[in-house]
Each structure stands twice: as structure tokens, then as C-alpha cells.
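Novice: Take a look at start_39.pdb, PDB, C-alpha atoms, pLDDT in the B column:
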```
ATOM      1  CA  LEU A   1      -8.991  24.641  -9.495  1.00 45.00           C
ATOM      2  CA  TYR A   2      -8.388  27.876  -7.579  1.00 46.00           C
ATOM      3  CA  ILE A   3     -10.342  28.824  -4.468  1.00 48.00           C
ATOM      4  CA  SER A   4     -10.033  31.942  -2.363  1.00 53.00           C
ATOM      5  CA  LYS A   5      -9.744  32.083   1.412  1.00 55.00           C
ATOM      6  CA  TYR A   6     -13.407  33.109   1.514  1.00 54.00           C
ATOM      7  CA  ASP A   7     -14.359  30.026  -0.466  1.00 62.00           C
ATOM      8  CA  LEU A   8     -12.218  27.936   1.863  1.00 61.00           C
ATOM      9  CA  ARG A   9     -14.039  29.288   4.933  1.00 72.00           C
ATOM     10  CA  SER A  10     -17.350  28.641   3.183  1.00 71.00           C
ATOM     11  CA  SER A  11     -16.300  25.054   2.399  1.00 71.00           C
ATOM     12  CA  VAL A  12     -15.284  24.482   6.020  1.00 78.00           C
ATOM     13  CA  PHE A  13     -18.639  25.862   7.177  1.00 80.00           C
ATOM     14  CA  HIS A  14     -20.563  23.532   4.839  1.00 79.00           C
ATOM     15  CA  LEU A  15     -18.409  20.603   5.974  1.00 78.00           C
ATOM     16  CA  PHE A  16     -19.101  21.455   9.612  1.00 86.00           C
ATOM     17  CA  ARG A  17     -22.812  21.794   8.933  1.00 87.00           C
ATOM     18  CA  PHE A  18     -22.875  18.446   7.142  1.00 82.00           C
ATOM     19  CA  GLY A  19     -21.122  16.768  10.078  1.00 86.00           C
ATOM     20  CA  LEU A  20     -23.444  18.432  12.580  1.00 92.00           C
ATOM     21  CA  VAL A  21     -26.610  17.416  10.721  1.00 92.00           C
ATOM     22  CA  SER A  22     -25.524  13.841   9.957  1.00 90.00           C
ATOM     23  CA  GLY A  23     -24.151  13.340  13.476  1.00 92.00           C
ATOM     24  CA  GLY A  24     -27.302  14.811  14.986  1.00 94.00           C
ATOM     25  CA  ILE A  25     -29.543  12.495  12.972  1.00 95.00           C
ATOM     26  CA  PHE A  26     -27.388   9.544  13.974  1.00 93.00           C
ATOM     27  CA  LEU A  27     -27.675  10.426  17.668  1.00 95.00           C
ATOM     28  CA  VAL A  28     -31.422  11.120  17.494  1.00 96.00           C
ATOM     29  CA  LEU A  29     -32.241   7.850  15.726  1.00 95.00           C
ATOM     30  CA  GLY A  30     -29.859   5.944  17.989  1.00 94.00           C
ATOM     31  CA  SER A  31     -31.497   7.425  21.068  1.00 95.00           C
ATOM     32  CA  ILE A  32     -34.986   6.526  19.810  1.00 96.00           C
ATOM     33  CA  PHE A  33     -34.128   2.898  19.187  1.00 95.00           C
ATOM     34  CA  TYR A  34     -32.105   2.645  22.384  1.00 95.00           C
ATOM     35  CA  SER A  35     -35.188   3.820  24.315  1.00 95.00           C
ATOM     36  CA  LEU A  36     -37.224   1.126  22.556  1.00 95.00           C
ATOM     37  CA  TYR A  37     -34.812  -1.843  22.772  1.00 95.00           C
ATOM     38  CA  GLY A  38     -32.148  -0.863  25.281  1.00 94.00           C
ATOM     39  CA  PHE A  39     -28.617  -2.293  25.196  1.00 93.00           C
ATOM     40  CA  GLU A  40     -29.708  -5.084  22.859  1.00 93.00           C
ATOM     41  CA  PHE A  41     -29.988  -2.490  20.075  1.00 93.00           C
ATOM     42  CA  VAL A  42     -26.464  -1.172  20.712  1.00 91.00           C
ATOM     43  CA  TYR A  43     -24.981  -4.674  20.851  1.00 89.00           C
ATOM     44  CA  GLU A  44     -26.710  -6.127  17.787  1.00 89.00           C
ATOM     45  CA  THR A  45     -26.176  -2.995  15.681  1.00 89.00           C
ATOM     46  CA  TYR A  46     -22.602  -2.040  16.579  1.00 86.00           C
ATOM     47  CA  LEU A  47     -20.779  -4.092  19.209  1.00 83.00           C
ATOM     48  CA  TYR A  48     -21.599  -7.492  17.695  1.00 80.00           C
ATOM     49  CA  HIS A  49     -19.301  -6.824  14.749  1.00 72.00           C
ATOM     50  CA  PHE A  50     -16.298  -6.544  17.077  1.00 71.00           C
ATOM     51  CA  VAL A  51     -16.827 -10.031  18.529  1.00 69.00           C
ATOM     52  CA  ARG A  52     -18.441 -11.772  15.564  1.00 68.00           C
ATOM     53  CA  ARG A  53     -16.885 -15.114  14.664  1.00 66.00           C
ATOM     54  CA  ASP A  54     -17.926 -16.932  11.498  1.00 68.00           C
ATOM     55  CA  ASN A  55     -16.720 -20.528  11.462  1.00 67.00           C
ATOM     56  CA  ARG A  56     -17.995 -21.246   7.972  1.00 73.00           C
ATOM     57  CA  HIS A  57     -15.583 -21.031   5.040  1.00 72.00           C
ATOM     58  CA  ASN A  58     -15.511 -17.686   3.262  1.00 86.00           C
ATOM     59  CA  PHE A  59     -13.093 -15.579   1.230  1.00 93.00           C
ATOM     60  CA  SER A  60     -11.484 -13.969   4.283  1.00 92.00           C
ATOM     61  CA  VAL A  61      -7.887 -14.822   5.145  1.00 92.00           C
ATOM     62  CA  TYR A  62      -8.973 -15.083   8.796  1.00 89.00           C
ATOM     63  CA  PHE A  63     -11.600 -17.788   8.314  1.00 87.00           C
ATOM     64  CA  TYR A  64      -9.338 -20.833   8.892  1.00 88.00           C
ATOM     65  CA  ASP A  65      -7.850 -19.462  12.092  1.00 86.00           C
ATOM     66  CA  LEU A  66     -11.318 -18.518  13.368  1.00 83.00           C
ATOM     67  CA  TYR A  67     -12.579 -21.991  12.398  1.00 84.00           C
ATOM     68  CA  LEU A  68      -9.803 -23.765  14.328  1.00 86.00           C
ATOM     69  CA  LYS A  69     -10.351 -21.558  17.390  1.00 81.00           C
ATOM     70  CA  TYR A  70     -14.147 -21.499  17.247  1.00 74.00           C
ATOM     71  CA  GLY A  71     -15.614 -21.682  20.728  1.00 70.00           C
ATOM     72  CA  GLU A  72     -12.317 -20.707  22.363  1.00 71.00           C
ATOM     73  CA  GLU A  73     -11.384 -17.391  23.929  1.00 66.00           C
ATOM     74  CA  ALA A  74      -8.446 -17.101  21.525  1.00 60.00           C
ATOM     75  CA  GLY A  75     -10.928 -16.988  18.647  1.00 60.00           C
ATOM     76  CA  SER A  76     -12.536 -13.874  20.103  1.00 65.00           C
ATOM     77  CA  LEU A  77      -9.132 -12.230  20.387  1.00 75.00           C
ATOM     78  CA  THR A  78      -8.319 -13.013  16.755  1.00 74.00           C
ATOM     79  CA  GLY A  79     -11.654 -11.612  15.644  1.00 72.00           C
ATOM     80  CA  PHE A  80     -11.045  -8.394  17.557  1.00 76.00           C
ATOM     81  CA  LEU A  81      -7.416  -7.963  16.425  1.00 82.00           C
ATOM     82  CA  ALA A  82      -8.539  -8.343  12.807  1.00 84.00           C
ATOM     83  CA  PHE A  83      -9.885  -4.795  13.054  1.00 86.00           C
ATOM     84  CA  VAL A  84      -6.399  -3.339  13.641  1.00 91.00           C
ATOM     85  CA  PRO A  85      -4.980  -3.682  10.089  1.00 93.00           C
ATOM     86  CA  GLN A  86      -8.383  -2.771   8.702  1.00 93.00           C
ATOM     87  CA  LEU A  87      -8.451   0.450  10.732  1.00 93.00           C
ATOM     88  CA  VAL A  88      -4.886   1.376   9.763  1.00 95.00           C
ATOM     89  CA  VAL A  89      -5.627   0.824   6.071  1.00 96.00           C
ATOM     90  CA  GLN A  90      -8.869   2.820   6.203  1.00 95.00           C
ATOM     91  CA  LEU A  91      -7.212   5.786   7.914  1.00 95.00           C
ATOM     92  CA  SER A  92      -4.305   5.714   5.457  1.00 96.00           C
ATOM     93  CA  ILE A  93      -6.621   5.662   2.441  1.00 96.00           C
ATOM     94  CA  SER A  94      -8.739   8.488   3.873  1.00 92.00           C
ATOM     95  CA  TYR A  95      -5.659  10.658   4.369  1.00 91.00           C
ATOM     96  CA  ALA A  96      -4.085   9.915   0.998  1.00 92.00           C
ATOM     97  CA  LEU A  97      -7.150  10.075  -1.266  1.00 92.00           C
ATOM     98  CA  HIS A  98      -9.558  12.469   0.482  1.00 85.00           C
ATOM     99  CA  ARG A  99      -9.370  15.066  -2.305  1.00 86.00           C
ATOM    100  CA  ASP A 100     -11.300  12.801  -4.678  1.00 90.00           C
ATOM    101  CA  LEU A 101     -14.204  11.557  -2.602  1.00 88.00           C
ATOM    102  CA  PRO A 102     -15.783   9.046  -5.062  1.00 92.00           C
ATOM    103  CA  PHE A 103     -12.427   7.376  -5.739  1.00 95.00           C
ATOM    104  CA  CYS A 104     -11.579   7.404  -2.035  1.00 94.00           C
ATOM    105  CA  ILE A 105     -14.878   5.677  -1.218  1.00 94.00           C
ATOM    106  CA  LEU A 106     -14.224   3.032  -3.894  1.00 97.00           C
ATOM    107  CA  ILE A 107     -10.740   2.202  -2.590  1.00 97.00           C
ATOM    108  CA  GLN A 108     -11.979   2.230   1.010  1.00 97.00           C
ATOM    109  CA  THR A 109     -14.736  -0.225   0.104  1.00 97.00           C
ATOM    110  CA  LEU A 110     -12.351  -2.496  -1.789  1.00 97.00           C
ATOM    111  CA  ALA A 111      -9.986  -2.522   1.190  1.00 97.00           C
ATOM    112  CA  LEU A 112     -12.829  -2.981   3.681  1.00 95.00           C
ATOM    113  CA  VAL A 113     -14.002  -6.133   1.913  1.00 96.00           C
ATOM    114  CA  ALA A 114     -10.491  -7.503   1.304  1.00 96.00           C
ATOM    115  CA  PHE A 115      -9.315  -7.000   4.906  1.00 95.00           C
ATOM    116  CA  ASN A 116     -12.589  -7.968   6.582  1.00 91.00           C
ATOM    117  CA  LYS A 117     -12.672 -11.015   8.859  1.00 88.00           C
ATOM    118  CA  VAL A 118     -15.794 -12.225   7.018  1.00 88.00           C
ATOM    119  CA  CYS A 119     -16.021 -11.937   3.242  1.00 90.00           C
ATOM    120  CA  THR A 120     -18.706 -13.469   1.024  1.00 89.00           C
ATOM    121  CA  SER A 121     -19.711 -12.904  -2.594  1.00 91.00           C
ATOM    122  CA  GLN A 122     -22.463 -10.373  -1.926  1.00 91.00           C
ATOM    123  CA  TYR A 123     -19.865  -8.045  -0.415  1.00 93.00           C
ATOM    124  CA  PHE A 124     -18.378  -7.597  -3.882  1.00 95.00           C
ATOM    125  CA  LEU A 125     -21.480  -5.690  -4.951  1.00 94.00           C
ATOM    126  CA  TRP A 126     -20.512  -2.930  -2.520  1.00 94.00           C
ATOM    127  CA  TYR A 127     -17.590  -1.837  -4.672  1.00 96.00           C
ATOM    128  CA  VAL A 128     -18.665  -3.057  -8.119  1.00 95.00           C
ATOM    129  CA  SER A 129     -21.535  -0.557  -8.005  1.00 94.00           C
ATOM    130  CA  LEU A 130     -19.047   2.300  -7.471  1.00 94.00           C
ATOM    131  CA  PHE A 131     -16.853   1.652 -10.515  1.00 94.00           C
ATOM    132  CA  PRO A 132     -19.020   3.524 -13.073  1.00 93.00           C
ATOM    133  CA  ILE A 133     -18.629   6.709 -11.014  1.00 92.00           C
ATOM    134  CA  VAL A 134     -14.830   6.643 -10.868  1.00 93.00           C
ATOM    135  CA  LEU A 135     -13.894   5.128 -14.241  1.00 91.00           C
ATOM    136  CA  PRO A 136     -13.282   8.591 -15.801  1.00 90.00           C
ATOM    137  CA  THR A 137     -10.545   9.223 -13.211  1.00 91.00           C
ATOM    138  CA  ILE A 138      -8.710   5.933 -13.856  1.00 92.00           C
ATOM    139  CA  SER A 139      -6.122   5.859 -16.643  1.00 91.00           C
ATOM    140  CA  LEU A 140      -5.842   2.089 -17.025  1.00 90.00           C
ATOM    141  CA  THR A 141      -5.538   0.788 -20.566  1.00 91.00           C
ATOM    142  CA  LEU A 142      -8.243  -1.586 -21.757  1.00 92.00           C
ATOM    143  CA  LYS A 143      -5.707  -4.438 -21.863  1.00 94.00           C
ATOM    144  CA  ARG A 144      -4.566  -3.855 -18.282  1.00 94.00           C
ATOM    145  CA  GLY A 145      -8.152  -3.491 -17.097  1.00 94.00           C
ATOM    146  CA  ILE A 146      -9.084  -6.824 -18.671  1.00 96.00           C
ATOM    147  CA  VAL A 147      -6.037  -8.479 -17.082  1.00 97.00           C
ATOM    148  CA  LEU A 148      -7.041  -7.200 -13.630  1.00 97.00           C
ATOM    149  CA  LEU A 149     -10.618  -8.370 -14.156  1.00 96.00           C
ATOM    150  CA  LEU A 150      -9.437 -11.821 -15.226  1.00 98.00           C
ATOM    151  CA  LEU A 151      -7.171 -12.056 -12.183  1.00 97.00           C
ATOM    152  CA  TRP A 152     -10.126 -11.201  -9.945  1.00 97.00           C
ATOM    153  CA  ILE A 153     -12.327 -13.833 -11.625  1.00 97.00           C
ATOM    154  CA  ILE A 154      -9.599 -16.511 -11.573  1.00 98.00           C
ATOM    155  CA  GLY A 155      -8.977 -15.836  -7.877  1.00 97.00           C
ATOM    156  CA  GLN A 156     -12.648 -16.426  -7.139  1.00 96.00           C
ATOM    157  CA  ALA A 157     -12.856 -19.486  -9.390  1.00 97.00           C
ATOM    158  CA  ASN A 158      -9.875 -21.074  -7.659  1.00 97.00           C
ATOM    159  CA  TRP A 159     -11.462 -20.501  -4.247  1.00 96.00           C
ATOM    160  CA  LEU A 160     -14.870 -21.761  -5.410  1.00 96.00           C
ATOM    161  CA  PHE A 161     -13.298 -24.946  -6.805  1.00 97.00           C
ATOM    162  CA  TRP A 162     -11.917 -25.980  -3.406  1.00 96.00           C
ATOM    163  CA  ALA A 163     -15.009 -24.720  -1.570  1.00 94.00           C
ATOM    164  CA  TYR A 164     -17.188 -26.886  -3.839  1.00 95.00           C
ATOM    165  CA  LYS A 165     -15.115 -29.961  -3.017  1.00 96.00           C
ATOM    166  CA  LEU A 166     -15.471 -29.146   0.676  1.00 93.00           C
ATOM    167  CA  GLU A 167     -19.152 -28.255   0.776  1.00 91.00           C
ATOM    168  CA  PHE A 168     -20.676 -30.596  -1.805  1.00 93.00           C
ATOM    169  CA  LEU A 169     -18.228 -33.498  -2.066  1.00 95.00           C
ATOM    170  CA  GLY A 170     -17.345 -33.629   1.636  1.00 93.00           C
ATOM    171  CA  GLU A 171     -13.605 -33.603   1.015  1.00 95.00           C
ATOM    172  CA  ASN A 172     -11.242 -32.123   3.594  1.00 94.00           C
ATOM    173  CA  THR A 173     -10.004 -29.114   1.637  1.00 94.00           C
ATOM    174  CA  PHE A 174     -10.009 -26.554   4.462  1.00 93.00           C
ATOM    175  CA  PHE A 175      -6.331 -25.774   3.995  1.00 93.00           C
ATOM    176  CA  ASN A 176      -6.763 -25.421   0.232  1.00 95.00           C
ATOM    177  CA  VAL A 177      -9.681 -23.054   0.742  1.00 95.00           C
ATOM    178  CA  TRP A 178      -7.597 -20.973   3.145  1.00 94.00           C
ATOM    179  CA  ALA A 179      -4.635 -20.902   0.737  1.00 96.00           C
ATOM    180  CA  SER A 180      -7.003 -19.802  -2.015  1.00 97.00           C
ATOM    181  CA  SER A 181      -8.281 -17.050   0.283  1.00 96.00           C
ATOM    182  CA  ILE A 182      -4.716 -15.779   0.681  1.00 97.00           C
ATOM    183  CA  VAL A 183      -4.195 -15.803  -3.090  1.00 97.00           C
ATOM    184  CA  PHE A 184      -7.462 -13.917  -3.592  1.00 97.00           C
ATOM    185  CA  PHE A 185      -6.448 -11.406  -0.925  1.00 97.00           C
ATOM    186  CA  VAL A 186      -3.126 -10.764  -2.675  1.00 98.00           C
ATOM    187  CA  ILE A 187      -4.968 -10.298  -5.977  1.00 98.00           C
ATOM    188  CA  ASN A 188      -7.320  -7.770  -4.392  1.00 98.00           C
ATOM    189  CA  VAL A 189      -4.444  -5.807  -2.848  1.00 97.00           C
ATOM    190  CA  PHE A 190      -2.673  -5.820  -6.227  1.00 98.00           C
ATOM    191  CA  ILE A 191      -5.814  -4.480  -7.923  1.00 97.00           C
ATOM    192  CA  ILE A 192      -6.168  -1.746  -5.289  1.00 97.00           C
ATOM    193  CA  LEU A 193      -2.556  -0.656  -5.854  1.00 96.00           C
ATOM    194  CA  GLN A 194      -2.991  -0.653  -9.624  1.00 96.00           C
ATOM    195  CA  LEU A 195      -6.086   1.528  -9.330  1.00 96.00           C
ATOM    196  CA  VAL A 196      -4.327   3.959  -6.990  1.00 96.00           C
ATOM    197  CA  PHE A 197      -1.251   4.217  -9.231  1.00 95.00           C
ATOM    198  CA  SER A 198      -3.428   4.854 -12.293  1.00 94.00           C
ATOM    199  CA  HIS A 199      -5.677   7.385 -10.580  1.00 92.00           C
ATOM    200  CA  GLN A 200      -5.872  10.880 -11.997  1.00 82.00           C
ATOM    201  CA  GLU A 201      -6.942  13.146  -9.155  1.00 70.00           C
ATOM    202  CA  LYS A 202     -10.094  14.949 -10.156  1.00 61.00           C
ATOM    203  CA  ARG A 203      -9.722  17.900  -7.812  1.00 53.00           C
ATOM    204  CA  ASN A 204      -6.516  19.792  -7.097  1.00 43.00           C
ATOM    205  CA  PHE A 205      -6.794  22.854  -4.890  1.00 42.00           C
ATOM    206  CA  LYS A 206      -4.494  25.833  -4.882  1.00 42.00           C
ATOM    207  CA  PHE A 207      -5.189  28.472  -2.282  1.00 38.00           C
ATOM    208  CA  GLU A 208      -4.725  32.167  -2.971  1.00 39.00           C
TER     209      GLU A 208
END
```
Give the structure from the file, written as C-alpha cells.

Specialist:
Amino acid sequence: LYISKYDLRSSVFHLFRFGLVSGGIFLVLGSIFYSLYGFEFVYETYLYHFVRRDNRHNFSVYFYDLYLKYGEEAGSLTGFLAFVPQLVVQLSISYALHRDLPFCILIQTLALVAFNKVCTSQYFLWYVSLFPIVLPTISLTLKRGIVLLLLWIIGQANWLFWAYKLEFLGENTFFNVWASSIVFFVINVFIILQLVFSHQEKRNFKFE
């Protein structure tokens, strides 16, 4: 795809206008609700996620550490530091894949869920719903795609097996659940890499 310098300036203008409008709406709505609810709105909407600690078992690799440190100051530190690798990964993906926005959003969402300090099954819907949009840009064979899907399902099934024994049978399987979370995390990272390696960039720009 070839675009002239004029088209480039036009694209930059539209990008700037989009940022100005979306940012303006964000600030206006934020100001309205801040005037109604004060700091409570800011904390519950944004700041809470930086200090949130979930001591119940979930798919996150951080859950066991947060469970052991629940109620301690060290637990808050762990919860906050969990954002560091997540931020680095998100910035790296944005830089590397920004030319194909739908695919970039898919990989960002996959990474967001995998690296999050809290991860439950409903989070998977965030990225599953994006796959139909990007499938035409992925060159995976049907066999490889099925293998990746089976890995994803087996990773969940393994975790759910130990979580069932913990939650419904009352057995002490916390360590097994955590180990299963690590396995599931590795599977998710492997799937992300396979998708990136098989991606056929939809838009390639050459400036005149």
C-alpha cells in the first residue's frame, strides 16, 4: 500500500482528532462523575485496580503468593509490582504490531489476561470474541490451530481438576492449583508467540 506525504499528513490529522475527541470525552465524563461522587469515583474506577488483592484461587500465576501474603503489606507490594511486566509487555506489543490494529488488539488482550494478577474464566471471552476478525491474517494450518486449541483446553482442564478438589472436596491442593496456573500461563505465552510468528501483516506502508 502506497501513501503520499499528503495522505500521511491527513492520517496524522485524523489520528490527532481521534485522540482529542476521545480524550475530551473521557475528561468530560470523568469530571461529571467526580463532581457527583468525589474521590470515591476515582478510587473505585481506577486506583483500586493497582492495590486489588484477590485471595481466592484463580488462573493467575500471582494468586498463591497473594493468598499467602493476604492482609500483609507485602501482599500490596506484590499486587502493585505485578503491573510492571504487564506494562512492559503491553508497550512492546503496541510498538511491534501497531500497523495491524485488530491483530495488535487481540495479542494485547491475550497478554493482558495471561499476565494479569487476577484471571478468571470470563476474562477469556475478551479475546475469544476478537478471533473472527483476525483469522484472515493468521497463516496457521488447521492441524496446528487444533493443537493450540487443545493445549489451551487441557491447560484449563488441569487447573479445574485441582481447583475442584480444593473447592468442593476440601483437599489442600493450593500448590497444585498454583503449579497448574504456571503451566496454563506458559501455554498462553506459547500460543501468543505462535500467533505472532504466523501473522501476515495486513497493512504495509511505503512512503513516497

Novice: Run through the PyMOL selection byres ((chain A and resi 60) around 10) on the given coordinates and return the selected residues as a list in words.

Specialist: His57, Asn58, Phe59, Val61, Tyr62, Phe63, Tyr64, Val113, Ala114, Phe115, Asn116, Lys117, Val118, Cys119, Thr120, Val177, Trp178, Ser180, Ser181, Ile182, Phe184 and Phe185 of chain A

Novice: Once the PyMOL selection byres ((chain A and resi 94) around 12) has been applied to the shown file, what residues remain in the selection, as a VMD selection string?

Specialist: chain A and resid 87 to 93 95 to 109 111

Novice: How would the residues just chosen look if you wrote them out with C-alpha atoms as an mmCIF file, in the frame of the given file?

Specialist:
```
data_model
loop_
_atom_site.group_PDB
_atom_site.id
_atom_site.type_symbol
_atom_site.label_atom_id
_atom_site.label_comp_id
_atom_site.auth_asym_id
_atom_site.auth_seq_id
_atom_site.Cartn_x
_atom_site.Cartn_y
_atom_site.Cartn_z
ATOM 1 C CA LEU A 87 -8.451 0.450 10.732
ATOM 2 C CA VAL A 88 -4.886 1.376 9.763
ATOM 3 C CA VAL A 89 -5.627 0.824 6.071
ATOM 4 C CA GLN A 90 -8.869 2.820 6.203
ATOM 5 C CA LEU A 91 -7.212 5.786 7.914
ATOM 6 C CA SER A 92 -4.305 5.714 5.457
ATOM 7 C CA ILE A 93 -6.621 5.662 2.441
ATOM 8 C CA TYR A 95 -5.659 10.658 4.369
ATOM 9 C CA ALA A 96 -4.085 9.915 0.998
ATOM 10 C CA LEU A 97 -7.150 10.075 -1.266
ATOM 11 C CA HIS A 98 -9.558 12.469 0.482
ATOM 12 C CA ARG A 99 -9.370 15.066 -2.305
ATOM 13 C CA ASP A 100 -11.300 12.801 -4.678
ATOM 14 C CA LEU A 101 -14.204 11.557 -2.602
ATOM 15 C CA PRO A 102 -15.783 9.046 -5.062
ATOM 16 C CA PHE A 103 -12.427 7.376 -5.739
ATOM 17 C CA CYS A 104 -11.579 7.404 -2.035
ATOM 18 C CA ILE A 105 -14.878 5.677 -1.218
ATOM 19 C CA LEU A 106 -14.224 3.032 -3.894
ATOM 20 C CA ILE A 107 -10.740 2.202 -2.590
ATOM 21 C CA GLN A 108 -11.979 2.230 1.010
ATOM 22 C CA THR A 109 -14.736 -0.225 0.104
ATOM 23 C CA ALA A 111 -9.986 -2.522 1.190
#
```

Novice: Write out as a list in words which residues come within 7 Å of region 142-155 of chain A when counting only C-alpha atoms, dropping same-chain ones fewer than 4 positions away.

Specialist: Trp159, Val183, Phe184, Ile187 and Ile191 of chain A

Novice: Tell me, in Å to one decimal, how far CA of Ala82 (chain A) is from CA of Leu27 (chain A).

Specialist: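 Pair CA of Ala82 (chain A) / CA of Leu27 (chain A) returns 27.2 Å.
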
Novice: Can you tell me how far CA of Gln156 (chain A) sits from CA of Leu77 (chain A), in Å to one decimal?

Specialist: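 Between these atoms lies a distance of 28.1 Å.
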
Novice: May I ask for the distance between CA of Val196 (chain A) and CA of Tyr123 (chain A), given in Å to one decimal place?

Specialist: 20.7 Å

Novice: Using all atoms listed in the file, can you tell me which of A:Ala157, A:Ile138, A:Leu166, A:Val42 comes closest to Ser198 (chain A)?

Specialist: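 Smallest separation from Ser198 (chain A) among the options: A:Ile138.
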